[in-house]
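Coordinates as given in input11.cif (mmCIF, C-alpha atoms and all ligand atoms):
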data_start
#
loop_
_atom_site.label_atom_id
_atom_site.label_comp_id
_atom_site.auth_asym_id
_atom_site.auth_seq_id
_atom_site.Cartn_x
_atom_site.Cartn_y
_atom_site.Cartn_z
CA MET G 29 0.00 0.00 0.00
CA THR G 30 1.42 3.42 -0.89
CA ALA G 31 1.03 6.38 1.47
CA ARG G 32 -0.85 9.34 -0.03
CA ALA G 33 1.66 12.10 -0.87
CA GLN G 34 1.32 15.24 1.25
CA PRO G 35 0.81 18.34 -0.92
CA ARG G 36 3.93 20.49 -1.14
CA ILE G 37 3.96 23.65 0.95
CA VAL G 38 4.86 26.81 -0.90
CA ILE G 39 5.64 30.04 0.92
CA GLU G 40 4.93 33.25 -0.96
CA SER G 41 5.64 36.85 -0.02
CA LEU G 42 2.70 39.07 -1.00
CA ASP G 43 3.09 42.62 -2.20
CA ASP G 44 -0.41 43.25 -3.49
CA HIS G 45 -3.59 43.11 -1.43
CA ARG G 46 -5.53 42.20 -4.59
CA ASN G 47 -3.77 38.82 -4.69
CA PRO G 48 -6.50 36.19 -3.93
CA SER G 49 -4.15 34.61 -1.38
CA PHE G 50 -4.39 37.80 0.65
CA ARG G 51 -8.17 37.44 1.12
CA ALA G 52 -7.74 33.76 1.99
CA ALA G 53 -5.01 34.65 4.51
CA LEU G 54 -7.30 37.20 6.14
CA ARG G 55 -10.00 34.56 6.53
CA LEU G 56 -7.46 32.33 8.29
CA TYR G 57 -6.33 35.31 10.42
CA ASN G 58 -9.96 35.93 11.47
CA ARG G 59 -10.43 32.30 12.42
CA ILE G 60 -7.22 31.93 14.41
CA PHE G 61 -6.88 35.13 16.43
CA PRO G 62 -9.33 36.30 19.09
CA ALA G 63 -10.94 39.72 18.52
CA LYS G 64 -8.76 41.46 21.12
CA GLU G 65 -5.55 40.42 19.29
CA LYS G 66 -6.71 41.46 15.82
CA ILE G 67 -5.97 44.66 14.00
CA ASP G 68 -8.21 46.17 11.33
CA HIS G 69 -7.62 44.56 7.91
CA ARG G 70 -7.02 47.98 6.42
CA TYR G 71 -3.72 48.05 8.31
CA PHE G 72 -2.36 45.22 6.11
CA VAL G 73 -3.86 46.74 2.95
CA GLU G 74 -2.14 50.09 3.62
CA LEU G 75 1.19 48.39 4.33
CA LEU G 76 1.08 46.37 1.13
CA GLN G 77 0.18 49.46 -0.89
CA GLU G 78 3.16 51.32 0.56
CA LYS G 79 5.38 48.34 -0.13
CA ARG G 80 4.23 47.99 -3.73
CA LEU G 81 4.88 51.67 -4.39
CA GLY G 82 8.41 51.34 -2.99
CA LEU G 83 7.71 53.86 -0.24
CA LEU G 84 9.09 51.90 2.67
CA PHE G 85 12.82 51.62 1.94
CA PRO G 86 15.03 51.28 3.96
CA PHE G 87 12.21 49.97 6.20
CA ASN G 88 10.09 47.09 4.97
CA VAL G 89 7.07 44.97 5.79
CA HIS G 90 6.31 41.35 4.97
CA PHE G 91 3.09 39.45 4.55
CA LEU G 92 3.89 35.78 3.91
CA VAL G 93 1.39 33.07 3.10
CA ALA G 94 1.91 29.31 3.09
CA ARG G 95 -0.10 27.46 0.45
CA SER G 96 -0.69 23.75 0.21
CA GLY G 97 -2.66 22.16 -2.61
CA GLY G 98 -4.05 25.57 -3.60
CA ARG G 99 -5.23 26.48 -0.08
CA VAL G 100 -3.75 29.07 2.25
CA VAL G 101 -2.68 27.16 5.37
CA GLY G 102 -0.50 29.72 7.13
CA LEU G 103 0.51 33.35 7.36
CA ALA G 104 3.25 35.45 8.91
CA THR G 105 3.67 39.20 9.10
CA GLY G 106 6.57 41.34 10.20
CA SER G 107 8.45 44.59 9.81
CA TYR G 108 12.08 45.46 9.23
CA LEU G 109 12.99 48.45 11.41
CA ALA G 110 15.93 49.99 9.57
CA VAL G 111 16.75 52.60 12.25
CA VAL G 112 17.64 49.85 14.73
CA ASN G 113 18.47 47.13 12.16
CA MET G 114 16.05 44.68 13.76
CA GLY G 115 13.02 42.75 12.63
CA PHE G 116 9.70 42.60 14.42
CA VAL G 117 7.48 39.51 14.15
CA GLY G 118 3.82 40.53 14.00
CA TYR G 119 1.40 37.65 13.46
CA LEU G 120 2.17 34.00 12.87
CA ALA G 121 -0.51 31.39 12.30
CA ALA G 122 -0.96 27.93 10.85
CA ALA G 123 -4.29 26.28 10.03
CA PRO G 124 -5.29 23.98 12.93
CA LYS G 125 -5.63 21.00 10.54
CA THR G 126 -1.93 21.25 9.69
CA LYS G 127 -0.80 20.89 13.31
CA GLY G 128 2.53 19.08 13.52
CA SER G 129 3.64 19.96 10.00
CA ARG G 130 5.78 22.89 11.23
CA ILE G 131 4.29 25.38 8.83
CA GLY G 132 4.57 28.11 11.49
CA VAL G 133 8.23 27.29 12.06
CA ARG G 134 8.95 27.47 8.32
CA LEU G 135 7.06 30.74 7.93
CA ARG G 136 8.95 32.32 10.79
CA SER G 137 12.34 31.30 9.46
CA ARG G 138 11.43 32.62 6.00
CA LEU G 139 10.36 35.89 7.63
CA VAL G 140 13.77 36.15 9.29
CA GLU G 141 15.46 35.45 5.94
CA GLU G 142 13.45 38.27 4.33
CA MET G 143 14.52 40.63 7.11
CA ARG G 144 18.18 39.65 6.76
CA ARG G 145 17.83 40.56 3.10
CA ASP G 146 16.31 43.91 4.13
CA ALA G 147 19.30 44.54 6.39
CA ARG G 148 21.76 43.90 3.55
CA ALA G 149 19.71 46.10 1.21
CA ALA G 150 20.05 48.83 3.84
CA ALA G 151 23.87 48.40 3.66
CA ARG G 152 24.18 46.51 6.96
CA PRO G 153 26.31 43.34 7.09
CA ASP G 154 23.42 41.37 8.66
CA LEU G 155 20.26 41.73 10.75
CA ASP G 156 21.09 42.36 14.43
CA ALA G 157 18.04 40.68 15.96
CA VAL G 158 14.41 39.68 15.66
CA MET G 159 11.88 40.85 18.24
CA GLY G 160 8.41 39.87 19.23
CA GLU G 161 5.80 40.30 21.93
CA VAL G 162 4.59 37.34 23.96
CA GLU G 163 2.80 36.56 27.20
CA GLY G 164 5.28 36.07 30.06
CA ASP G 165 4.15 32.47 30.64
CA ASN G 166 4.24 31.40 26.97
CA PRO G 167 6.37 28.22 26.56
CA TRP G 168 7.60 29.53 23.21
CA LEU G 169 9.37 32.34 25.09
CA ARG G 170 11.25 29.78 27.22
CA HIS G 171 12.19 27.92 24.06
CA LEU G 172 13.63 31.08 22.52
CA VAL G 173 15.54 31.97 25.67
CA SER G 174 16.95 28.52 26.40
CA ARG G 175 17.63 27.31 22.87
CA ARG G 176 18.27 30.43 20.84
CA GLY G 177 19.91 32.85 23.24
CA ALA G 178 16.97 35.26 23.17
CA LEU G 179 16.64 38.00 25.77
CA ALA G 180 13.35 38.63 27.53
CA LEU G 181 13.96 42.34 28.03
CA ASP G 182 13.80 43.59 31.58
CA ILE G 183 11.41 46.47 30.94
CA ASP G 184 7.79 47.15 31.76
CA TYR G 185 6.70 46.56 28.17
CA ARG G 186 3.16 47.19 26.98
CA GLN G 187 1.68 46.54 23.58
CA PRO G 188 0.00 49.73 22.36
CA SER G 189 -3.77 49.45 22.03
CA LEU G 190 -4.86 48.01 18.70
CA ARG G 191 -8.08 50.07 18.62
CA ALA G 192 -8.99 53.49 20.00
CA GLY G 193 -10.22 53.22 23.56
CA GLU G 194 -8.77 49.75 24.19
CA PRO G 195 -6.22 49.37 27.01
CA THR G 196 -2.55 48.66 26.38
CA VAL G 197 -1.52 45.05 27.10
CA PRO G 198 1.38 44.05 29.38
CA LEU G 199 3.58 41.59 27.48
CA VAL G 200 7.21 40.56 27.32
CA LEU G 201 9.32 42.01 24.52
CA TYR G 202 11.92 39.44 23.51
CA LEU G 203 14.92 39.96 21.31
CA GLU G 204 16.48 37.02 19.47
CA PRO G 205 20.03 37.85 18.30
CA ILE G 206 20.76 36.98 14.66
CA ALA G 207 24.15 38.37 13.58
CA ALA G 208 25.95 37.93 16.92
CA PRO G 209 25.07 37.15 20.54
CA ILE G 210 23.64 40.02 22.60
CA ARG G 211 23.69 40.02 26.42
CA SER G 212 22.32 43.46 27.16
CA LEU G 213 21.53 46.71 25.37
CA SER G 214 22.27 50.33 26.11
CA THR G 215 19.27 52.25 27.39
CA ARG G 216 19.61 54.56 24.43
CA ARG G 217 19.23 51.63 22.03
CA VAL G 218 16.21 50.30 23.93
CA ARG G 219 14.56 53.70 23.66
CA ALA G 220 15.22 53.75 19.91
CA ILE G 221 13.77 50.24 19.59
CA LEU G 222 10.63 51.09 21.54
CA TYR G 223 10.08 54.27 19.59
CA ALA G 224 10.57 52.47 16.26
CA ILE G 225 7.97 49.86 17.28
CA GLN G 226 5.46 52.57 18.20
CA ARG G 227 6.00 54.56 15.02
CA ARG G 228 6.61 51.87 12.43
CA VAL G 229 4.71 48.83 13.64
CA TYR G 230 1.75 50.44 15.43
CA ARG G 231 1.89 53.59 13.32
CA LEU G 232 1.36 55.99 16.21
CA ARG G 233 1.79 59.60 15.17
CA PHE G 234 2.93 60.88 18.56
CA PRO G 235 4.09 58.05 20.80
CA LEU G 236 5.00 60.45 23.61
CA ARG G 237 1.33 61.34 23.98
CA GLU G 238 0.70 57.81 25.24
CA PRO G 239 0.91 57.66 29.06
CA THR G 240 2.09 54.03 29.07
CA PHE G 241 4.89 54.78 26.61
CA ARG G 242 5.99 57.79 28.68
CA ARG G 243 5.94 55.57 31.76
CA VAL G 244 8.27 52.98 30.25
CA LEU G 245 10.66 55.72 29.10
CA ARG G 246 10.63 57.22 32.60
CA SER G 247 11.46 53.84 34.10
CA LEU G 248 14.60 53.77 31.93
CA GLU G 249 15.82 57.19 33.05
CA ASN G 250 18.36 56.08 35.64
CA ARG G 251 19.53 52.96 33.87
CA ARG G 252 22.57 52.66 31.64
CA ARG G 253 21.81 49.19 30.31
CA VAL G 254 18.88 46.82 29.95
CA GLY G 255 19.38 43.10 30.47
CA VAL G 256 17.09 40.12 30.88
CA ARG G 257 14.11 39.74 33.16
CA ARG G 258 13.45 36.64 35.19
CA LEU G 259 10.62 34.60 33.70
CA ALA G 260 7.66 33.57 35.80
C1 LIG G 301 2.34 29.03 16.63
C2 LIG G 301 1.95 28.22 15.40
C3 LIG G 301 2.01 29.09 14.17
C4 LIG G 301 2.97 27.06 15.26
O1 LIG G 301 2.63 26.38 14.09
P1 LIG G 301 3.46 25.11 13.53
O2 LIG G 301 4.89 25.42 13.33
O3 LIG G 301 2.75 24.67 12.29
O4 LIG G 301 3.24 24.13 14.72
P2 LIG G 301 3.72 22.69 14.88
O5 LIG G 301 2.74 22.06 15.81
O6 LIG G 301 3.95 22.03 13.57
O7 LIG G 301 5.16 22.85 15.58
C5 LIG G 301 5.34 23.36 16.83
C6 LIG G 301 6.52 24.25 16.67
O8 LIG G 301 6.06 25.60 16.72
C7 LIG G 301 6.86 26.32 17.63
N1 LIG G 301 6.08 27.42 18.19
C8 LIG G 301 5.22 27.37 19.21
N2 LIG G 301 4.74 28.60 19.46
C9 LIG G 301 5.32 29.43 18.59
C10 LIG G 301 5.25 30.83 18.37
N3 LIG G 301 4.46 31.64 19.08
N4 LIG G 301 5.99 31.37 17.38
C11 LIG G 301 6.79 30.58 16.63
N5 LIG G 301 6.90 29.25 16.79
C12 LIG G 301 6.17 28.69 17.76
C13 LIG G 301 7.24 25.30 18.67
O9 LIG G 301 8.39 25.72 19.38
C14 LIG G 301 7.52 24.07 17.82
O10 LIG G 301 8.81 24.14 17.26
P3 LIG G 301 10.05 23.29 17.87
O11 LIG G 301 9.66 21.86 17.68
O12 LIG G 301 11.22 23.71 17.04
O13 LIG G 301 10.16 23.66 19.30
C15 LIG G 301 0.51 27.61 15.54
O14 LIG G 301 0.44 26.83 16.70
C16 LIG G 301 -0.62 28.63 15.59
O15 LIG G 301 -1.16 29.05 14.56
N6 LIG G 301 -1.02 29.08 16.82
C17 LIG G 301 -2.12 30.04 16.98
C18 LIG G 301 -1.69 31.47 16.69
C19 LIG G 301 -0.55 31.92 17.59
O16 LIG G 301 -0.60 31.75 18.80
N7 LIG G 301 0.49 32.51 16.97
C20 LIG G 301 1.68 32.94 17.68
C21 LIG G 301 1.58 34.34 18.18
S1 LIG G 301 1.25 35.54 16.92
#
Just give me the structure as structure tokens.
Amino acid sequence: MTARAQPRIVIESLDDHRNPSFRAALRLYNRIFPAKEKIDHRYFVELLQEKRLGLLFPFNVHFLVARSGGRVVGLATGSYLAVVNMGFVGYLAAAPKTKGSRIGVRLRSRLVEEMRRDARAAARPDLDAVMGEVEGDNPWLRHLVSRRGALALDIDYRQPSLRAGEPTVPLVLYLEPIAAPIRSLSTRRVRAILYAIQRRVYRLRFPLREPTFRRVLRSLENRRRVGVRRLA
């Protein structure tokens, strides 16, 4: 008896929101993420329009889809933050039916490859690090810290609100070194990173108007360096 061949998984980077895979990816996004974690679809449409018009350089954004047998079975989004030469992982999702086939893992590593390419295009030798926001008790965070030398930054990090009137969300900001190991960061660099996330990922016009952002900057005032926090 011959085993039925698994359809091949193809990862594609989208640069046009009119691509049918984009609509299919949004349907998957809607199914996977709870309402409080979702951002308005227009956010992705705007980003792809800016990308297609070449307006982002030396910054960049990525919207990756994984297709299998003509169906979209995964998506990953992220931004390259040229000012700090780091990538930021936004959303990552795999269709529940594909569990165990490591589609999420493959999407994430392709996202990192895209960001390394962005770094070289911006005349850097390599990408310094990849960042992301996770719950403090997420096992994936432990995996990153113990197996990949990631730093769970010792700051009072909050994800900006995704919709007007919603509260900010306390999360851990991790930083996974790519080009070379990193043990700690200067406070100045952490400030630049936080500001770049507010401006470029969350697209806030005036981050300093946000009380929670001002609070985290104040908490950095008397520190020279930022290291790792102890995980719960
Ligand atoms: C996270 C997710 C994309 C992983 O998909 P996957 O790779 O296809 O999952 P698999 O079951 O095949 O493999 C598990 C692998 O995913 C890794 N993983 C678990 N959580 C992860 C995360 N948040 N980000 C990246 N990888 C993750 C595991 O470490 C494991 O890899 P390892 O064996 O190298 O340790 C998937 O579980 C999912 O869609 N979850 C719901 C959405 C979500 O929570 N996304 C992450 C935050 S945006």
Could you give me, as CSV, a per-residue list for region 106-155 of chain G showing, wherever an atom lies at most 12 Å from an atom of region 68-77 of chain G, the closest pair of atoms and their distance in Å to one decimal, using all atoms listed in the file and sorting by chain then residue number from low to high?
residue,atom,partner,partner_atom,distance
G:Gly106,CA,G:Phe72,CA,10.6
G:Ser107,CA,G:Leu75,CA,9.9
G:Gly118,CA,G:Phe72,CA,11.1
G:Tyr119,CA,G:Phe72,CA,11.2
Inset, instruction - Name the residues, by chain letter and number, that sit within 7 Å of ligand LIG 301 (chain G) using only C-alpha atoms and all ligand atoms, and give them as a list in words. - result: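 Taking only C-alpha atoms and all ligand atoms into account, the residues around ligand LIG 301 (chain G) at most 7 Å away are Ile60, Phe61, Gly118, Tyr119, Leu120, Ala121, Ala122, Ala123, Pro124, Thr126, Lys127, Gly128, Ser129, Arg130, Ile131, Gly132, Val133, Arg134, Arg136, Trp168 and His171 of chain G.
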Written selection (C-alpha atoms) as a JSON list (two decimals), in the coordinates of the input:
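This went into result09.json:
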[["chain", "number", "residue", "atom", "x", "y", "z"],
["G", 60, "ILE", "CA", -7.22, 31.93, 14.41],
["G", 61, "PHE", "CA", -6.88, 35.13, 16.43],
["G", 118, "GLY", "CA", 3.82, 40.53, 14.00],
["G", 119, "TYR", "CA", 1.40, 37.65, 13.46],
["G", 120, "LEU", "CA", 2.17, 34.00, 12.87],
["G", 121, "ALA", "CA", -0.51, 31.39, 12.30],
["G", 122, "ALA", "CA", -0.96, 27.93, 10.85],
["G", 123, "ALA", "CA", -4.29, 26.28, 10.03],
["G", 124, "PRO", "CA", -5.29, 23.98, 12.93],
["G", 126, "THR", "CA", -1.93, 21.25, 9.69],
["G", 127, "LYS", "CA", -0.80, 20.89, 13.31],
["G", 128, "GLY", "CA", 2.53, 19.08, 13.52],
["G", 129, "SER", "CA", 3.64, 19.96, 10.00],
["G", 130, "ARG", "CA", 5.78, 22.89, 11.23],
["G", 131, "ILE", "CA", 4.29, 25.38, 8.83],
["G", 132, "GLY", "CA", 4.57, 28.11, 11.49],
["G", 133, "VAL", "CA", 8.23, 27.29, 12.06],
["G", 134, "ARG", "CA", 8.95, 27.47, 8.32],
["G", 136, "ARG", "CA", 8.95, 32.32, 10.79],
["G", 168, "TRP", "CA", 7.60, 29.53, 23.21],
["G", 171, "HIS", "CA", 12.19, 27.92, 24.06]]
Inset, instruction - Return the single residue from G:Tyr223, G:Phe234, G:Phe241, G:Tyr57 that is closest to Ala104 (chain G), with distances computed using only C-alpha atoms. - result: G:Tyr57
Extract, using all atoms listed in the file, all DNA, RNA and protein residues at most 8 Å from Leu56 (chain G), discarding same-chain residues fewer than 2 positions from it, and format them as a PDB file with C-alpha atoms, keeping the file's coordinate frame.
ATOM      1  CA  ALA G  52      -7.740  33.760   1.990  1.00  0.00           C
ATOM      2  CA  ALA G  53      -5.010  34.650   4.510  1.00  0.00           C
ATOM      3  CA  LEU G  54      -7.300  37.200   6.140  1.00  0.00           C
ATOM      4  CA  ASN G  58      -9.960  35.930  11.470  1.00  0.00           C
ATOM      5  CA  ARG G  59     -10.430  32.300  12.420  1.00  0.00           C
ATOM      6  CA  ILE G  60      -7.220  31.930  14.410  1.00  0.00           C
ATOM      7  CA  VAL G 100      -3.750  29.070   2.250  1.00  0.00           C
ATOM      8  CA  VAL G 101      -2.680  27.160   5.370  1.00  0.00           C
ATOM      9  CA  GLY G 102      -0.500  29.720   7.130  1.00  0.00           C
ATOM     10  CA  ALA G 123      -4.290  26.280  10.030  1.00  0.00           C
TER      11      ALA G 123
END
What are the closest atom pairs, with distances in Å to one decimal, for all residues of region 192-219 of chain G lying within 10 Å of region 176-181 of chain G? Consider only C-alpha atoms, order rows by chain and residue number, and present the result as a tab-separated table.
residue	atom	partner	partner_atom	distance
G:Val200	CA	G:Ala180	CA	6.4
G:Leu201	CA	G:Leu181	CA	5.8
G:Tyr202	CA	G:Ala180	CA	4.3
G:Leu203	CA	G:Leu179	CA	5.2
G:Glu204	CA	G:Ala178	CA	4.1
G:Pro205	CA	G:Ala178	CA	6.3
G:Ile206	CA	G:Arg176	CA	9.3
G:Pro209	CA	G:Gly177	CA	7.2
G:Ile210	CA	G:Leu179	CA	7.9
G:Arg211	CA	G:Leu179	CA	7.4
G:Ser212	CA	G:Leu179	CA	8.0
G:Leu213	CA	G:Leu181	CA	9.1
G:Val218	CA	G:Leu181	CA	9.2
For C-alpha atoms, I'd like the residues from the last selection saved as a compact mmCIF listing (two decimals), keeping the file's coordinate frame.
# COMPACT_ATOMS: atom_id res chain seq x y z
CA VAL G 200 7.21 40.56 27.32
CA LEU G 201 9.32 42.01 24.52
CA TYR G 202 11.92 39.44 23.51
CA LEU G 203 14.92 39.96 21.31
CA GLU G 204 16.48 37.02 19.47
CA PRO G 205 20.03 37.85 18.30
CA ILE G 206 20.76 36.98 14.66
CA PRO G 209 25.07 37.15 20.54
CA ILE G 210 23.64 40.02 22.60
CA ARG G 211 23.69 40.02 26.42
CA SER G 212 22.32 43.46 27.16
CA LEU G 213 21.53 46.71 25.37
CA VAL G 218 16.21 50.30 23.93
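CA of Phe91 (chain G) is positioned 10.5 Å from CA of Ser49 (chain G).
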